[in-house]
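Structure data (compact mmCIF, C-alpha atoms and all ligand atoms) from final-v4.txt:
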# COMPACT_ATOMS: atom_id res chain seq x y z
CA MET A 287 116.62 1.51 79.89
CA ASP A 288 116.70 -2.05 81.14
CA LYS A 289 118.12 -5.18 79.60
CA LEU A 290 117.07 -8.75 80.23
CA ILE A 291 119.70 -11.30 81.20
CA ILE A 292 118.97 -14.98 80.57
CA GLU A 293 121.12 -17.81 81.82
CA GLY A 294 120.06 -20.45 79.27
CA GLY A 295 119.94 -24.25 79.35
CA VAL A 296 117.19 -24.70 81.95
CA LYS A 297 114.26 -26.99 81.07
CA LEU A 298 111.08 -25.03 81.86
CA LYS A 299 108.66 -26.92 84.09
CA GLY A 300 105.33 -26.10 85.72
CA GLU A 301 102.19 -24.18 84.85
CA VAL A 302 101.67 -20.76 83.29
CA THR A 303 98.50 -18.78 82.55
CA VAL A 304 98.14 -16.77 79.37
CA SER A 305 96.93 -13.15 79.66
CA GLY A 306 94.24 -11.37 77.64
CA ALA A 307 94.93 -10.65 73.96
CA LYS A 308 96.73 -7.35 73.33
CA ASN A 309 95.41 -7.18 69.77
CA ALA A 310 91.82 -7.62 70.94
CA VAL A 311 91.94 -5.17 73.85
CA LEU A 312 93.36 -2.27 71.80
CA PRO A 313 90.51 -1.97 69.25
CA ILE A 314 87.94 -2.83 71.94
CA LEU A 315 89.15 0.09 74.08
CA ALA A 316 88.89 2.31 70.97
CA ALA A 317 85.32 1.06 70.45
CA THR A 318 84.27 2.60 73.81
CA LEU A 319 84.47 5.95 71.98
CA LEU A 320 81.25 4.93 70.20
CA THR A 321 79.13 5.49 73.32
CA ASP A 322 78.95 8.01 76.19
CA GLU A 323 77.74 5.27 78.52
CA PRO A 324 79.93 3.27 80.97
CA CYS A 325 81.87 0.24 79.69
CA VAL A 326 83.78 -2.42 81.64
CA ILE A 327 86.49 -4.51 79.98
CA LYS A 328 87.85 -7.51 81.93
CA GLY A 329 90.94 -9.66 81.42
CA VAL A 330 92.95 -6.68 80.21
CA PRO A 331 96.73 -7.28 80.23
CA ASN A 332 98.87 -4.65 81.95
CA LEU A 333 101.09 -3.69 78.97
CA ARG A 334 102.74 -0.54 77.66
CA ASP A 335 100.33 -0.66 74.71
CA THR A 336 97.25 -0.94 76.94
CA ASN A 337 98.35 2.12 78.89
CA SER A 338 99.13 3.99 75.66
CA MET A 339 95.58 3.40 74.43
CA LEU A 340 94.13 4.52 77.77
CA LYS A 341 96.16 7.74 77.52
CA ILE A 342 94.60 8.37 74.10
CA LEU A 343 91.05 7.69 75.36
CA ARG A 344 91.59 10.16 78.22
CA ALA A 345 92.90 12.77 75.74
CA LEU A 346 89.69 12.20 73.73
CA GLY A 347 87.52 12.96 76.75
CA LYS A 348 87.01 9.58 78.39
CA ILE A 349 87.40 8.85 82.13
CA ALA A 350 89.30 5.55 82.21
CA GLU A 351 90.45 3.57 85.25
CA PHE A 352 92.60 0.42 85.02
CA ASP A 353 93.06 -1.87 87.99
CA LYS A 354 93.84 -5.59 88.35
CA GLY A 355 92.97 -6.46 84.75
CA ARG A 356 89.76 -4.46 84.71
CA VAL A 357 89.24 -1.26 82.73
CA SER A 358 86.25 0.93 83.62
CA ILE A 359 85.37 3.61 81.16
CA THR A 360 82.86 5.68 83.07
CA ALA A 361 80.44 7.95 81.30
CA GLY A 362 82.43 10.73 79.73
CA LYS A 363 81.46 12.35 76.46
CA THR A 364 83.75 11.59 73.56
CA SER A 365 84.47 15.29 73.25
CA ASN A 366 87.81 15.76 71.51
CA TYR A 367 88.20 14.41 67.98
CA ILE A 368 91.97 14.91 67.60
CA ALA A 369 94.40 12.06 68.27
CA GLU A 370 97.78 13.79 68.55
CA TYR A 371 101.01 12.63 66.90
CA LYS A 372 102.85 12.37 70.23
CA LEU A 373 100.35 9.72 71.34
CA VAL A 374 99.66 7.90 68.04
CA SER A 375 103.35 7.71 67.05
CA THR A 376 104.11 5.48 70.05
CA MET A 377 101.75 2.77 68.89
CA ARG A 378 100.34 2.03 65.44
CA ALA A 379 97.17 0.48 66.86
CA SER A 380 96.11 3.97 68.03
CA PHE A 381 95.11 4.58 64.41
CA CYS A 382 92.01 2.50 65.10
CA VAL A 383 90.42 5.45 66.91
CA LEU A 384 89.71 6.88 63.44
CA GLY A 385 86.65 4.71 62.78
CA PRO A 386 84.91 5.19 66.13
CA LEU A 387 85.59 8.96 66.22
CA LEU A 388 84.09 9.31 62.76
CA GLY A 389 81.17 7.06 63.69
CA LYS A 390 80.39 8.96 66.90
CA LEU A 391 81.38 12.57 66.13
CA LYS A 392 81.22 12.51 62.30
CA LYS A 393 84.73 13.97 62.32
CA ALA A 394 88.25 12.87 63.25
CA LYS A 395 91.79 14.16 63.03
CA VAL A 396 94.24 11.31 63.63
CA SER A 397 98.00 11.38 63.19
CA LEU A 398 99.30 8.98 60.58
CA PRO A 399 101.08 6.15 62.39
CA GLY A 400 104.83 6.02 61.90
CA GLY A 401 106.36 3.08 60.12
CA CYS A 402 108.27 0.64 62.27
CA VAL A 403 111.06 -1.87 61.91
CA ILE A 404 108.79 -4.51 60.41
CA GLY A 405 107.76 -2.38 57.47
CA VAL A 406 106.23 0.86 56.16
CA ARG A 407 102.80 -0.04 57.54
CA PRO A 408 100.51 1.84 55.06
CA VAL A 409 96.89 2.81 55.89
CA ASP A 410 95.46 2.96 52.37
CA LEU A 411 92.90 0.25 53.11
CA HIS A 412 91.67 2.08 56.22
CA LEU A 413 91.13 5.24 54.16
CA LYS A 414 89.55 3.34 51.26
CA GLY A 415 86.94 1.87 53.61
CA ILE A 416 86.21 5.10 55.48
CA ARG A 417 85.90 7.02 52.20
CA ALA A 418 83.52 4.37 50.81
CA LEU A 419 81.25 5.00 53.82
CA GLY A 420 80.97 8.65 52.80
CA ALA A 421 83.75 10.46 54.67
CA ASP A 422 85.67 13.32 53.06
CA ILE A 423 89.32 12.61 53.76
CA SER A 424 92.35 14.87 53.48
CA ILE A 425 95.94 14.46 54.63
CA ASP A 426 97.53 17.53 56.16
CA SER A 427 100.90 17.81 58.00
CA GLY A 428 100.95 14.11 58.86
CA TYR A 429 97.32 13.97 59.98
CA VAL A 430 94.32 12.22 58.44
CA ILE A 431 91.38 14.61 58.60
CA ALA A 432 88.01 12.93 58.04
CA LYS A 433 84.56 14.43 58.22
CA THR A 434 81.07 13.65 57.04
CA SER A 435 77.50 14.85 57.43
CA LYS A 436 76.30 11.26 57.38
CA LEU A 437 77.89 7.81 57.00
CA ARG A 438 76.05 5.51 54.63
CA GLY A 439 76.36 1.72 54.55
CA THR A 440 77.89 0.28 51.37
CA TYR A 441 79.78 -2.69 49.87
CA ILE A 442 83.54 -2.47 50.50
CA TYR A 443 86.25 -4.76 49.13
CA LEU A 444 89.03 -4.44 51.72
CA GLY A 445 91.67 -6.86 50.36
CA GLY A 446 95.17 -5.46 49.90
CA VAL A 447 98.33 -6.68 48.19
CA TYR A 448 99.14 -8.74 51.28
CA GLY A 449 95.60 -9.96 51.78
CA SER A 450 93.25 -8.75 54.49
CA SER A 451 94.08 -6.04 57.04
CA VAL A 452 93.27 -6.52 60.73
CA LEU A 453 93.12 -2.90 61.88
CA ALA A 454 91.57 -1.66 58.62
CA THR A 455 88.74 -4.19 59.17
CA ASP A 456 88.44 -2.95 62.76
CA ASN A 457 88.33 0.72 61.70
CA VAL A 458 85.75 0.19 58.96
CA MET A 459 83.56 -1.99 61.20
CA MET A 460 83.60 0.67 63.95
CA ALA A 461 82.66 3.41 61.49
CA ALA A 462 79.90 1.30 59.89
CA VAL A 463 78.02 0.31 63.08
CA LEU A 464 76.46 3.81 63.34
CA ALA A 465 76.14 4.40 59.59
CA SER A 466 72.68 4.38 58.02
CA GLY A 467 71.96 1.19 56.11
CA LYS A 468 73.88 -2.01 55.48
CA THR A 469 77.64 -2.39 55.02
CA VAL A 470 79.27 -5.51 53.60
CA ILE A 471 83.04 -5.83 54.11
CA GLU A 472 84.49 -8.29 51.58
CA SER A 473 87.96 -9.77 52.21
CA ALA A 474 87.64 -8.80 55.88
CA ALA A 475 90.36 -9.99 58.31
CA CYS A 476 89.31 -13.24 60.07
CA GLU A 477 91.62 -12.95 63.09
CA PRO A 478 90.00 -13.95 66.45
CA GLU A 479 90.78 -10.44 67.73
CA VAL A 480 88.58 -8.92 64.99
CA ALA A 481 85.79 -11.34 65.96
CA ASP A 482 86.23 -10.38 69.63
CA LEU A 483 85.84 -6.70 68.73
CA ALA A 484 82.63 -7.55 66.83
CA GLU A 485 81.32 -9.47 69.88
CA PHE A 486 81.90 -6.38 72.04
CA LEU A 487 80.17 -4.11 69.49
CA ILE A 488 77.19 -6.52 69.40
CA LYS A 489 76.97 -6.28 73.22
CA MET A 490 76.84 -2.49 72.72
CA GLY A 491 73.83 -2.95 70.42
CA ALA A 492 75.50 -3.20 67.01
CA LYS A 493 74.07 -5.54 64.37
CA ILE A 494 76.98 -7.58 62.94
CA LYS A 495 77.10 -10.96 61.19
CA GLY A 496 79.92 -12.97 59.61
CA HIS A 497 82.72 -11.72 61.89
CA GLY A 498 85.59 -14.22 61.87
CA THR A 499 84.90 -14.92 58.18
CA PRO A 500 86.02 -12.98 55.07
CA VAL A 501 82.55 -11.39 54.68
CA ILE A 502 81.22 -9.21 57.51
CA GLU A 503 77.71 -7.69 57.31
CA ILE A 504 76.80 -4.69 59.45
CA GLU A 505 73.32 -3.19 59.76
CA GLY A 506 73.76 0.39 61.00
CA VAL A 507 71.94 1.44 64.21
CA LYS A 508 71.22 4.87 65.68
CA HIS A 509 72.80 4.45 69.09
CA LEU A 510 75.20 2.19 70.99
CA HIS A 511 74.98 1.70 74.76
CA GLY A 512 77.67 0.72 77.28
CA ALA A 513 78.63 -2.94 77.75
CA THR A 514 80.80 -5.31 79.77
CA HIS A 515 83.20 -7.70 78.00
CA SER A 516 85.98 -10.17 78.83
CA ILE A 517 88.94 -10.28 76.44
CA ILE A 518 89.89 -13.55 74.68
CA PRO A 519 93.24 -15.13 75.59
CA ASP A 520 96.34 -13.94 73.73
CA ARG A 521 97.06 -16.66 71.14
CA ILE A 522 100.47 -15.16 70.33
CA GLU A 523 101.57 -15.18 73.97
CA ALA A 524 100.25 -18.75 74.20
CA GLY A 525 102.26 -19.72 71.12
CA THR A 526 105.37 -18.04 72.51
CA LEU A 527 105.05 -19.96 75.80
CA ILE A 528 104.46 -23.25 73.95
CA LEU A 529 107.69 -22.67 72.02
CA ALA A 530 109.51 -21.76 75.25
CA ALA A 531 108.64 -25.21 76.61
CA LEU A 532 109.74 -26.93 73.39
CA ILE A 533 112.98 -25.00 72.88
CA THR A 534 114.15 -25.78 76.42
CA GLY A 535 113.04 -29.43 76.34
CA GLY A 536 110.70 -28.70 79.25
CA ASP A 537 107.27 -29.85 80.41
CA VAL A 538 104.77 -27.02 80.77
CA LEU A 539 100.98 -26.74 81.22
CA VAL A 540 99.86 -23.59 79.38
CA ARG A 541 96.51 -22.44 80.81
CA ASN A 542 93.82 -20.09 79.39
CA VAL A 543 94.19 -21.13 75.77
CA GLN A 544 91.58 -21.27 73.00
CA TYR A 545 92.84 -24.29 71.08
CA GLN A 546 90.96 -23.37 67.90
CA HIS A 547 92.93 -20.07 67.69
CA LEU A 548 96.22 -21.97 67.43
CA GLY A 549 95.39 -24.38 64.58
CA ALA A 550 98.17 -23.40 62.17
CA LEU A 551 100.85 -23.32 64.88
CA ILE A 552 99.87 -26.63 66.44
CA ASP A 553 99.65 -28.23 62.99
CA LYS A 554 103.21 -27.09 62.20
CA LEU A 555 104.56 -28.18 65.59
CA SER A 556 102.92 -31.60 65.17
CA GLU A 557 104.59 -31.86 61.74
CA ALA A 558 107.88 -31.13 63.53
CA GLY A 559 107.16 -34.01 65.91
CA ALA A 560 106.24 -31.97 69.01
CA HIS A 561 104.14 -33.56 71.75
CA ILE A 562 101.22 -31.26 72.58
CA GLU A 563 98.31 -32.63 74.63
CA ARG A 564 94.96 -30.84 74.77
CA THR A 565 93.21 -30.65 78.15
CA ASP A 566 90.21 -28.47 79.04
CA GLY A 567 91.22 -24.85 78.37
CA ALA A 568 94.92 -25.75 78.55
CA LEU A 569 97.74 -27.39 76.58
CA ARG A 570 100.40 -29.75 78.00
CA VAL A 571 103.66 -29.26 76.09
CA LYS A 572 106.54 -31.71 76.50
CA GLY A 573 109.83 -30.89 74.81
CA ASN A 574 111.19 -34.38 75.29
CA ARG A 575 111.61 -35.17 71.61
CA LYS A 576 114.16 -34.05 69.01
CA LEU A 577 112.14 -31.92 66.60
CA ARG A 578 112.32 -32.02 62.82
CA SER A 579 112.83 -28.85 60.76
CA VAL A 580 109.68 -27.63 59.02
CA ASN A 581 109.03 -24.90 56.48
CA ILE A 582 106.86 -21.91 57.44
CA THR A 583 104.95 -19.43 55.32
CA THR A 584 103.11 -16.69 57.19
CA LEU A 585 99.57 -15.88 56.00
CA PRO A 586 96.51 -13.99 57.23
CA TYR A 587 94.44 -15.96 59.77
CA PRO A 588 93.78 -18.89 59.84
CA GLY A 589 97.21 -19.26 58.20
CA PHE A 590 100.47 -19.34 60.18
CA PRO A 591 100.64 -16.01 62.08
CA THR A 592 103.37 -13.53 61.18
CA ASP A 593 103.49 -12.66 64.89
CA MET A 594 104.89 -16.15 65.56
CA GLN A 595 107.51 -16.09 62.78
CA ALA A 596 110.46 -14.84 64.85
CA GLN A 597 109.72 -17.24 67.69
CA MET A 598 109.46 -20.17 65.26
CA MET A 599 112.77 -19.16 63.66
CA SER A 600 114.43 -19.44 67.07
CA LEU A 601 112.97 -22.92 67.55
CA MET A 602 114.02 -24.00 64.07
CA SER A 603 117.54 -22.71 64.79
CA VAL A 604 118.02 -25.47 67.35
CA THR A 605 116.51 -28.38 65.41
CA GLY A 606 118.72 -30.23 62.92
CA GLY A 607 118.20 -29.71 59.18
CA ILE A 608 117.08 -26.77 57.09
CA SER A 609 113.89 -24.77 57.63
CA VAL A 610 112.68 -22.31 54.99
CA ILE A 611 110.72 -19.40 56.47
CA THR A 612 108.72 -17.22 54.07
CA GLU A 613 107.21 -13.97 55.39
CA LYS A 614 104.20 -13.01 53.25
CA ILE A 615 102.72 -10.30 55.49
CA TYR A 616 105.70 -8.07 56.31
CA PRO A 617 108.56 -8.83 53.90
CA ASP A 618 111.02 -6.85 56.08
CA ARG A 619 110.17 -8.74 59.27
CA PHE A 620 113.59 -10.38 59.63
CA MET A 621 115.38 -8.02 62.03
CA HIS A 622 115.88 -10.94 64.40
CA VAL A 623 117.97 -12.92 61.87
CA ALA A 624 121.16 -10.92 62.44
CA GLU A 625 120.69 -11.16 66.21
CA LEU A 626 120.13 -14.91 66.06
CA ASN A 627 123.22 -15.27 63.87
CA ARG A 628 125.18 -13.44 66.56
CA MET A 629 124.17 -16.31 68.81
CA GLY A 630 125.70 -18.79 66.36
CA ALA A 631 122.48 -19.60 64.55
CA HIS A 632 122.57 -22.97 66.26
CA ILE A 633 122.22 -20.88 69.39
CA GLN A 634 125.05 -22.73 71.05
CA SER A 635 126.21 -19.71 72.93
CA GLY A 636 124.48 -16.75 74.45
CA ALA A 637 125.45 -13.27 73.29
CA PRO A 638 124.53 -9.60 73.78
CA VAL A 639 121.71 -8.96 71.31
CA MET A 640 119.23 -6.15 70.63
CA ALA A 641 115.49 -6.41 70.44
CA SER A 642 114.03 -4.58 67.45
CA ASP A 643 110.31 -5.20 67.60
CA LEU A 644 107.83 -6.86 69.90
CA ARG A 645 107.91 -10.34 68.42
CA ALA A 646 111.61 -10.30 67.46
CA SER A 647 112.37 -9.66 71.13
CA ALA A 648 110.23 -12.68 72.04
CA GLY A 649 112.21 -14.75 69.54
CA LEU A 650 115.47 -13.63 71.18
CA VAL A 651 114.14 -14.56 74.63
CA LEU A 652 113.41 -18.07 73.36
CA ALA A 653 116.88 -18.28 71.84
CA GLY A 654 118.40 -17.13 75.14
CA LEU A 655 116.46 -19.78 77.04
CA ALA A 656 117.92 -22.45 74.75
CA ALA A 657 121.47 -21.12 74.56
CA CYS A 658 124.22 -22.27 76.90
CA GLY A 659 125.59 -19.33 78.83
CA LYS A 660 124.32 -15.82 79.23
CA THR A 661 122.28 -13.79 76.77
CA SER A 662 121.59 -10.11 77.41
CA ILE A 663 118.74 -8.53 75.45
CA SER A 664 118.72 -4.75 75.35
CA ARG A 665 115.76 -2.44 74.53
CA ILE A 666 113.34 -4.79 76.26
CA TYR A 667 110.66 -2.11 76.29
CA HIS A 668 109.62 -3.81 73.04
CA LEU A 669 108.87 -6.95 75.03
CA GLU A 670 106.90 -5.00 77.65
CA ARG A 671 104.57 -3.76 74.90
CA GLY A 672 103.00 -7.16 74.40
CA TYR A 673 103.92 -9.68 77.09
CA GLU A 674 102.39 -9.19 80.54
CA PHE A 675 104.73 -10.14 83.43
CA ILE A 676 106.79 -12.30 81.05
CA GLU A 677 109.87 -12.39 83.28
CA GLN A 678 107.85 -13.56 86.29
CA LYS A 679 106.05 -16.16 84.17
CA LEU A 680 109.38 -17.57 82.97
CA ILE A 681 110.95 -17.44 86.46
CA ASN A 682 107.93 -19.36 87.80
CA LEU A 683 108.75 -22.04 85.22
CA GLY A 684 112.33 -22.27 86.49
CA ALA A 685 114.06 -19.98 84.00
CA LYS A 686 117.11 -17.99 85.21
CA VAL A 687 116.03 -14.54 84.05
CA TRP A 688 116.71 -11.11 85.58
CA ARG A 689 116.84 -7.46 84.65
CA GLU A 690 119.86 -5.16 84.71
CA LYS A 691 120.30 -1.50 83.88
CA GLU A 692 121.73 -0.87 80.39
C1 LIG B 701 97.76 -6.27 63.18
O1 LIG B 701 98.45 -5.17 62.66
C2 LIG B 701 98.47 -6.63 64.47
N1 LIG B 701 98.43 -5.49 65.38
C3 LIG B 701 99.93 -7.01 64.17
O2 LIG B 701 100.51 -7.42 65.40
C4 LIG B 701 99.94 -8.18 63.21
O3 LIG B 701 101.28 -8.49 62.87
C5 LIG B 701 99.16 -7.81 61.94
O4 LIG B 701 97.82 -7.41 62.29
C6 LIG B 701 99.06 -8.97 60.97
O5 LIG B 701 98.46 -10.06 61.60
C7 LIG B 701 97.29 -5.25 66.07
O6 LIG B 701 96.30 -5.93 65.91
C8 LIG B 701 97.33 -4.10 67.03
P1 LIG B 701 97.54 -5.48 58.89
P2 LIG B 701 97.81 -4.34 61.41
O7 LIG B 701 96.83 -4.23 58.54
O8 LIG B 701 96.34 -4.42 61.47
C9 LIG B 701 99.30 -4.31 54.74
C10 LIG B 701 102.05 -7.43 67.11
O9 LIG B 701 103.18 -7.90 67.12
N2 LIG B 701 98.39 -3.16 54.79
O10 LIG B 701 96.76 -6.73 59.10
O11 LIG B 701 98.44 -3.02 61.38
C11 LIG B 701 100.38 -4.27 55.80
O12 LIG B 701 101.49 -3.50 55.36
C12 LIG B 701 101.59 -6.62 65.93
O13 LIG B 701 101.19 -7.58 68.01
C13 LIG B 701 98.22 -2.39 53.65
O14 LIG B 701 98.82 -2.65 52.61
O15 LIG B 701 98.35 -5.22 60.21
C14 LIG B 701 100.73 -5.72 55.95
O16 LIG B 701 101.61 -6.10 54.95
C15 LIG B 701 102.72 -6.38 64.94
N3 LIG B 701 97.38 -1.31 53.70
C16 LIG B 701 99.39 -6.44 55.74
O17 LIG B 701 98.55 -5.49 55.06
C17 LIG B 701 96.68 -0.99 54.84
O18 LIG B 701 95.91 -0.01 54.83
C18 LIG B 701 98.70 -6.85 57.01
O19 LIG B 701 98.72 -5.72 57.84
C19 LIG B 701 96.87 -1.79 55.99
C20 LIG B 701 97.72 -2.88 55.94
Can the structure from this file be put into structure tokens for me?
Ligand code: EPZ
Amino acid sequence: MDKLIIEGGVKLKGEVTVSGAKNAVLPILAATLLTDEPCVIKGVPNLRDTNSMLKILRALGKIAEFDKGRVSITAGKTSNYIAEYKLVSTMRASFCVLGPLLGKLKKAKVSLPGGCVIGVRPVDLHLKGIRALGADISIDSGYVIAKTSKLRGTYIYLGGVYGSSVLATDNVMMAAVLASGKTVIESAACEPEVADLAEFLIKMGAKIKGHGTPVIEIEGVKHLHGATHSIIPDRIEAGTLILAALITGGDVLVRNVQYQHLGALIDKLSEAGAHIERTDGALRVKGNRKLRSVNITTLPYPGFPTDMQAQMMSLMSVTGGISVITEKIYPDRFMHVAELNRMGAHIQSGAPVMASDLRASAGLVLAGLAACGKTSISRIYHLERGYEFIEQKLINLGAKVWREKE
């Protein structure tokens, strides 16, 4: 396994381009199971998670090629309906093949996703929605087994104790598009990645309204055809790069950004006194000001994203004053706290630290960029799950970053 070494204290300068959104591409790849016709997905980031999802599609009978950001799913019947544990356990998002398999084949056998360091990660809302559409569901030896003679549109309230669920909304939407009749999903997730999935389904011939709002209406159709789609930019990678510029006191132009997807983050950073200038399709970030501490509470979109919590904690560790960070989506999502404390909480000195999940590892990278001296981050495969070419992007901005064997 590799570790990442960061020689901190360098002000990042230059331009960087954000890649396609991991959390949009994963459900959109799953949605190709809903048709036997060719699909082309562009702007796909080359990540561990992307390749994991492609492995699953191939195991389910698809012919999938991935080259230079472009995935071609050529005609290949969705033949197998079983998503094996060995594949699903590596990535929770694989669970969103349940909806499309049920929609296309009227049956599915999908391994329950494991928990992970940020929490138990239940799937009760996924099953509630699929059951409401008329599927018989049983759990056997760690697998969800779902089958139906016919899916029927219905009204589904999909809110959970922590609010809406992104992948549950994705799963239910992908099962409902081929159901007979109208489905209304109340308390649907509003994340831009859910809306991007809906846009792809509409290009395939689905009838969907209200995506991006808490109420999504789906009129079932008989058949979906192939489509071509370009993935939206990754707002979490964009946010991480914006914070990298701020935490190092740099001056960076972050390209390929949809400003409206970053409202809560930019609002908080403005409250902290950050200087962020909007240009067409890009943001100019100058870390030339001492930032104030601000309080953060993570919420479902459009609230402050939980996927930016660790990164924001790193930034708040180097501003003066006290910042209170409340995690309302995953109460256990604080694995990075101990690692940041090892760096002196004010991140005065680098230290050997361990990445625990995708976004915690991003938070540690930011801390390493700000710290004086060397930080070594082990288990960086977490980082590779969600940040395309992140080392090269940081090196291009002047960061002293390299990889060493553990
Ligand atoms: C998606 O996960 C993202 N992953 C996560 O990003 C992100 O942190 C999360 O949404 C919240 O924004 C992908 O899109 C692939 P949820 P998801 O269902 O859909 C509870 C990253 O770093 N819940 O929206 O699995 C759940 O426990 C990853 O890229 C239920 O109670 O998250 C959590 O507290 C990490 N029952 C809350 O809802 C359910 O059936 C939100 O979870 C499902 C979820």
Exercise. Which protein, DNA or RNA residues are at most 12 Å from (90.6, -9.9, 71.5) in the file's coordinates when you count all atoms listed in the file, listed as a VMD selection string?
Worked result: chain A and resid 305 to 315 327 to 331 452 456 476 to 486 498 515 to 522 544 547
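Straight-line separation from atom CA of Thr303 of chain A to atom CA of Cys382 of chain A: 28.3 Å.
Ranking A:Thr526, A:Ser424, A:Ser664, A:Thr318 by their shortest atom-to-atom distance to ligand LIG 701 (chain B), with all atoms listed in the file included, puts A:Thr526 first.
Here atom O16 of ligand LIG 701 (chain B) stands at a distance of 12.9 Å from atom CA of His412 of chain A.
Between ligand LIG 701 (chain B) and the candidates A:Pro408, A:Gly654, A:Pro638, A:Gly606, the tightest atom-to-atom separation, counting all atoms listed in the file, involves A:Pro408.
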For this session: Counting all atoms listed in the file, figure out which residue out of A:Thr583, A:Ser380, A:Asn542, A:Ser375 gets nearest to ligand LIG 701 (chain B).
Result: A:Ser380
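Atom pair atom CA of Ile663 of chain A / atom CA of Val651 of chain A: separated by 7.6 Å.
Minimum distance to Lys660 of chain A across A:Leu388, A:Val296, A:Asp288, A:Ser451 (counting all atoms listed in the file) occurs at A:Val296.
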Seminar exercise, completed: One residue among A:Ile349, A:Ala394, A:Met339, A:Ala369 is nearest to ligand LIG 701 (chain B) when using all atoms listed in the file, and that residue is A:Met339
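The residue that comes closest to Arg334 of chain A, out of A:Thr376, A:Ala530, A:Asp426, A:Ala648 and on the basis of all atoms listed in the file, is A:Thr376.
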Problem set entry | Test item: residues at most 6 Å from Ala531 of chain A, only C-alpha atoms, excluding those fewer than 4 positions along its chain, as JSON, numbers by chain | {"A": [298, 536, 538]}
